[in-house]
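Take a look at the structure set out below.
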Amino acid sequence: MNRIPFWLKVAYTAFVAIIIRPYVRQYRWRNFLWFSDIALFATAPALWLESPLLISMQSVSVTVPETGWTADLVARQVFRVRLIGLADYMFDRRIPRSVRALSLFHLWLPPLLLWSMGRLGYDRRAFRAQIVLTSIMLVTTYAVTEPADDINWVFGLSGSPQRSVSPQAYLLFVMLIYPIAFYWPAHAAFSRLFPSPSDLLRGSLLRHGLRPRGSADG
């Protein structure tokens, strides 16, 4: 049973293919280490496989940060107020308008992920799995990127390297902040709002008059 429309899978994959070249030209390949970009790419196989775990991991990863990005963009565009600076580059005229337009995926990716979880269910394993992946990616980002880029804030929260503590101690601090500030709130909300994949499957079988495996005669 296909729960994600075929046209959506094709359209999403096409967008991901389109964004690669201009992003590499503008930002270089290391920019794809941002968790929002990782989520953008990981969602493509997640949609094709209709994988609750992959969809849930990306939802846990980006829902809170992307909400901040959206609030920052709207505040700057509508009220001319800079909130947290996440969307500053969207107003940088040195970046081609076409590239900035592609970055609007930050607006629609979280709703797409939430809609997909409504179709596939929220896999509670996503919280721990995403913490493991995040730890690996933060160490990788620290190892292969420059402090001036400050990708995933592994060198400083302000967008530039911090100098208050050792870089390694700060990296450990960041590895703690992601689960506490971003992932746990999303996980707690999703666990309440979305059924598990098994619950969705059981409900689907019952609607079609089929008995879920392992159920007893009542």
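Numbering starts fresh at 1 for the residues of each chain in the structure tokens, the chains themselves are lettered A, B, ... in the order given, and ligands are numbered from 1 as they appear.
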Give me, as a compact mmCIF listing (two decimals) with all heavy atoms, in the first residue's frame, all polymer residues having an atom no more than 8 Å from region 129-139 of chain A, counting only C-alpha atoms and skipping those fewer than 4 positions away in the same chain.
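Final output, part.txt:
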# COMPACT_ATOMS: atom_id res chain seq x y z
N LEU A 33 26.72 19.66 5.21
CA LEU A 33 26.82 19.06 6.54
C LEU A 33 25.85 19.70 7.53
O LEU A 33 25.66 19.16 8.62
CB LEU A 33 28.26 19.17 7.07
CG LEU A 33 29.30 18.31 6.34
CD1 LEU A 33 30.71 18.65 6.83
CD2 LEU A 33 29.02 16.83 6.56
N MET A 57 13.26 10.53 12.14
CA MET A 57 14.57 11.08 12.50
C MET A 57 14.74 12.49 11.95
O MET A 57 15.21 13.39 12.66
CB MET A 57 15.69 10.18 11.98
CG MET A 57 15.84 8.88 12.74
SD MET A 57 17.12 7.80 12.00
CE MET A 57 18.60 8.80 12.24
N GLN A 58 14.34 12.70 10.70
CA GLN A 58 14.48 14.04 10.13
C GLN A 58 13.54 15.03 10.81
O GLN A 58 13.88 16.20 10.99
CB GLN A 58 14.23 14.01 8.62
CG GLN A 58 15.02 12.97 7.85
CD GLN A 58 16.44 12.80 8.35
OE1 GLN A 58 17.18 13.77 8.52
NE2 GLN A 58 16.82 11.56 8.60
N VAL A 60 12.53 14.89 13.97
CA VAL A 60 13.15 15.20 15.26
C VAL A 60 14.31 16.18 15.08
O VAL A 60 14.50 17.11 15.88
CB VAL A 60 13.64 13.90 15.94
CG1 VAL A 60 14.59 14.19 17.09
CG2 VAL A 60 12.45 13.09 16.43
N SER A 61 15.06 15.99 14.01
CA SER A 61 16.26 16.79 13.77
C SER A 61 15.96 18.25 13.48
O SER A 61 16.62 19.15 14.04
CB SER A 61 17.06 16.19 12.62
OG SER A 61 18.17 17.00 12.30
N ARG A 125 11.86 5.20 18.06
CA ARG A 125 13.31 4.96 18.06
C ARG A 125 14.08 6.13 17.46
O ARG A 125 15.30 6.22 17.59
CB ARG A 125 13.63 3.70 17.25
CG ARG A 125 13.03 2.41 17.80
CD ARG A 125 13.29 1.26 16.85
NE ARG A 125 12.67 1.49 15.54
CZ ARG A 125 12.90 0.75 14.46
NH1 ARG A 125 13.75 -0.26 14.54
NH2 ARG A 125 12.30 1.01 13.32
N ALA A 143 35.83 18.13 12.30
CA ALA A 143 37.09 17.65 11.73
C ALA A 143 37.35 18.18 10.33
O ALA A 143 38.52 18.38 9.96
CB ALA A 143 37.11 16.12 11.71
N ASN A 152 26.86 23.97 11.76
CA ASN A 152 26.22 23.30 12.90
C ASN A 152 26.67 23.87 14.24
O ASN A 152 26.51 23.23 15.28
CB ASN A 152 26.45 21.78 12.86
CG ASN A 152 25.75 21.12 11.70
OD1 ASN A 152 24.68 21.53 11.29
ND2 ASN A 152 26.38 20.10 11.13
N VAL A 154 29.53 24.21 15.55
CA VAL A 154 30.50 23.39 16.29
C VAL A 154 31.68 24.21 16.80
O VAL A 154 32.47 23.72 17.60
CB VAL A 154 31.04 22.23 15.42
CG1 VAL A 154 29.93 21.24 15.09
CG2 VAL A 154 31.71 22.74 14.15
N LEU A 171 32.72 21.56 21.94
CA LEU A 171 32.08 20.57 21.07
C LEU A 171 31.23 19.61 21.90
O LEU A 171 30.10 19.27 21.51
CB LEU A 171 33.13 19.81 20.28
CG LEU A 171 32.61 18.71 19.35
CD1 LEU A 171 31.70 19.28 18.28
CD2 LEU A 171 33.78 17.96 18.70
N MET A 175 27.18 18.92 21.67
CA MET A 175 26.62 17.58 21.53
C MET A 175 25.53 17.32 22.57
O MET A 175 24.63 16.50 22.36
CB MET A 175 27.73 16.53 21.64
CG MET A 175 28.70 16.58 20.47
SD MET A 175 30.17 15.54 20.68
CE MET A 175 29.44 13.91 20.48
N PRO A 179 20.33 17.44 21.68
CA PRO A 179 19.23 16.60 22.18
C PRO A 179 18.32 17.33 23.16
O PRO A 179 17.10 17.13 23.14
CB PRO A 179 19.95 15.43 22.86
CG PRO A 179 21.32 15.43 22.28
CD PRO A 179 21.65 16.85 21.99
Task: Contacts of region 42-52 of chain A within 9 Å, only C-alpha atoms, excl. fewer than 3 positions in-chain, as a list of chain:residue names - done: A:Asn2, A:Arg3, A:Ile4, A:Phe6, A:Leu8, A:Lys9, A:Val10, A:Tyr12, A:Thr13, A:Val16, A:Asp37, A:Ile38, A:Ala39, A:Ile55, A:Ser56, A:Met57, A:Gln58, A:Leu113, A:Ser116, A:Met117, A:Arg119, A:Leu120, A:Gly121, A:Tyr122, A:Asp123, A:Ala126, A:Ser196, A:Pro197
TODO: Find the spatial neighbours of Tyr183 (chain A), counting only C-alpha atoms, within a cut-off of 8 Å - ignore same-chain residues fewer than 2 positions away - and output them as a list in words.
DONE: Val60, Ser61, Val64, Phe127, Tyr178, Pro179, Ile180, Ala181, Pro185, Ala186 and His187 of chain A
May I have the selected residues written with N, CA, C and O atoms, as a short mmCIF file (atom, residue, chain, number, x, y, z; two decimals), in the first residue's frame?
data_model
loop_
_atom_site.label_atom_id
_atom_site.label_comp_id
_atom_site.auth_asym_id
_atom_site.auth_seq_id
_atom_site.Cartn_x
_atom_site.Cartn_y
_atom_site.Cartn_z
N VAL A 60 12.53 14.89 13.97
CA VAL A 60 13.15 15.20 15.26
C VAL A 60 14.31 16.18 15.08
O VAL A 60 14.50 17.11 15.88
N SER A 61 15.06 15.99 14.01
CA SER A 61 16.26 16.79 13.77
C SER A 61 15.96 18.25 13.48
O SER A 61 16.62 19.15 14.04
N VAL A 64 12.31 21.85 15.35
CA VAL A 64 12.54 23.00 16.24
C VAL A 64 13.47 24.04 15.61
O VAL A 64 13.13 25.22 15.58
N PHE A 127 14.34 9.23 18.24
CA PHE A 127 15.02 10.13 19.18
C PHE A 127 16.44 9.66 19.46
O PHE A 127 17.41 10.40 19.28
N TYR A 178 22.07 19.84 21.48
CA TYR A 178 21.16 19.40 20.42
C TYR A 178 20.03 18.51 20.95
O TYR A 178 18.85 18.78 20.69
N PRO A 179 20.33 17.44 21.68
CA PRO A 179 19.23 16.60 22.18
C PRO A 179 18.32 17.33 23.16
O PRO A 179 17.10 17.13 23.14
N ILE A 180 18.90 18.17 24.02
CA ILE A 180 18.09 18.82 25.05
C ILE A 180 17.21 19.92 24.47
O ILE A 180 16.01 19.99 24.76
N ALA A 181 17.81 20.78 23.64
CA ALA A 181 17.08 21.95 23.15
C ALA A 181 16.23 21.66 21.93
O ALA A 181 15.16 22.27 21.76
N PRO A 185 12.20 18.16 22.93
CA PRO A 185 10.87 18.78 22.76
C PRO A 185 10.10 18.22 21.57
O PRO A 185 8.89 17.99 21.66
N ALA A 186 10.80 18.00 20.46
CA ALA A 186 10.12 17.44 19.28
C ALA A 186 9.65 16.01 19.56
O ALA A 186 8.52 15.65 19.23
N HIS A 187 10.51 15.20 20.16
CA HIS A 187 10.16 13.82 20.47
C HIS A 187 8.95 13.75 21.40
O HIS A 187 8.03 12.94 21.19
#
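Residues in contact range of Trp108 (chain A), defined as at most 12 Å between only C-alpha atoms, with sequence neighbours fewer than 5 positions away removed, read Tyr12, Ser36, Leu40, Val62, Thr63, Glu66, Thr67, Trp69, Thr70, Leu102, Ser103, Leu113, Leu114 and Trp115 of chain A.
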Restricted to N, CA and C atoms, what would the selected residues look like written as a CSV table (one decimal), in the first residue's frame?
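Written out: part.csv:
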chain,number,residue,atom,x,y,z
A,12,TYR,N,9.9,15.7,-5.3
A,12,TYR,CA,10.9,16.0,-4.2
A,12,TYR,C,12.3,15.6,-4.7
A,36,SER,N,20.0,20.7,8.4
A,36,SER,CA,18.9,21.0,7.6
A,36,SER,C,19.1,20.4,6.2
A,40,LEU,N,17.2,17.4,4.2
A,40,LEU,CA,16.7,17.5,2.9
A,40,LEU,C,17.1,16.3,2.0
A,62,VAL,N,15.0,18.5,12.6
A,62,VAL,CA,14.9,19.9,12.1
A,62,VAL,C,13.6,20.7,12.5
A,63,THR,N,12.6,20.0,13.1
A,63,THR,CA,11.4,20.8,13.4
A,63,THR,C,11.6,22.0,14.2
A,66,GLU,N,14.1,24.6,12.5
A,66,GLU,CA,13.5,25.2,11.3
A,66,GLU,C,12.3,26.2,11.7
A,67,THR,N,11.7,25.9,12.8
A,67,THR,CA,10.7,26.8,13.3
A,67,THR,C,11.4,28.1,13.7
A,69,TRP,N,14.2,29.2,12.3
A,69,TRP,CA,14.6,29.8,11.0
A,69,TRP,C,13.4,30.6,10.4
A,70,THR,N,12.2,30.0,10.4
A,70,THR,CA,11.0,30.6,9.8
A,70,THR,C,10.6,31.8,10.6
A,102,LEU,N,16.0,28.9,-3.6
A,102,LEU,CA,16.1,27.5,-3.3
A,102,LEU,C,16.1,27.2,-1.8
A,103,SER,N,16.6,28.1,-1.1
A,103,SER,CA,16.7,28.0,0.4
A,103,SER,C,15.4,28.1,1.1
A,113,LEU,N,7.5,16.9,6.4
A,113,LEU,CA,7.8,15.8,7.3
A,113,LEU,C,6.7,15.4,8.3
A,114,LEU,N,6.0,16.5,8.8
A,114,LEU,CA,4.9,16.2,9.7
A,114,LEU,C,3.8,15.5,9.0
A,115,TRP,N,3.5,15.9,7.8
A,115,TRP,CA,2.4,15.3,7.0
A,115,TRP,C,2.8,13.8,6.7
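CA of Arg124 (chain A) is found 9.7 Å from CA of Pro195 (chain A).
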Can you list every residue of region 119-159 of chain A that has an atom at most 12 Å from region 76-93 of chain A, with its nearest atom pair and the distance in Å to one decimal, using only C-alpha atoms, ordered by chain then number, as CSV?
residue,atom,partner,partner_atom,distance
A:Ile151,CA,A:Leu86,CA,11.8
A:Asn152,CA,A:Leu86,CA,11.2
A:Trp153,CA,A:Leu86,CA,11.1
A:Leu157,CA,A:Ile84,CA,10.5
A:Ser158,CA,A:Gly85,CA,8.8
A:Gly159,CA,A:Gly85,CA,9.0
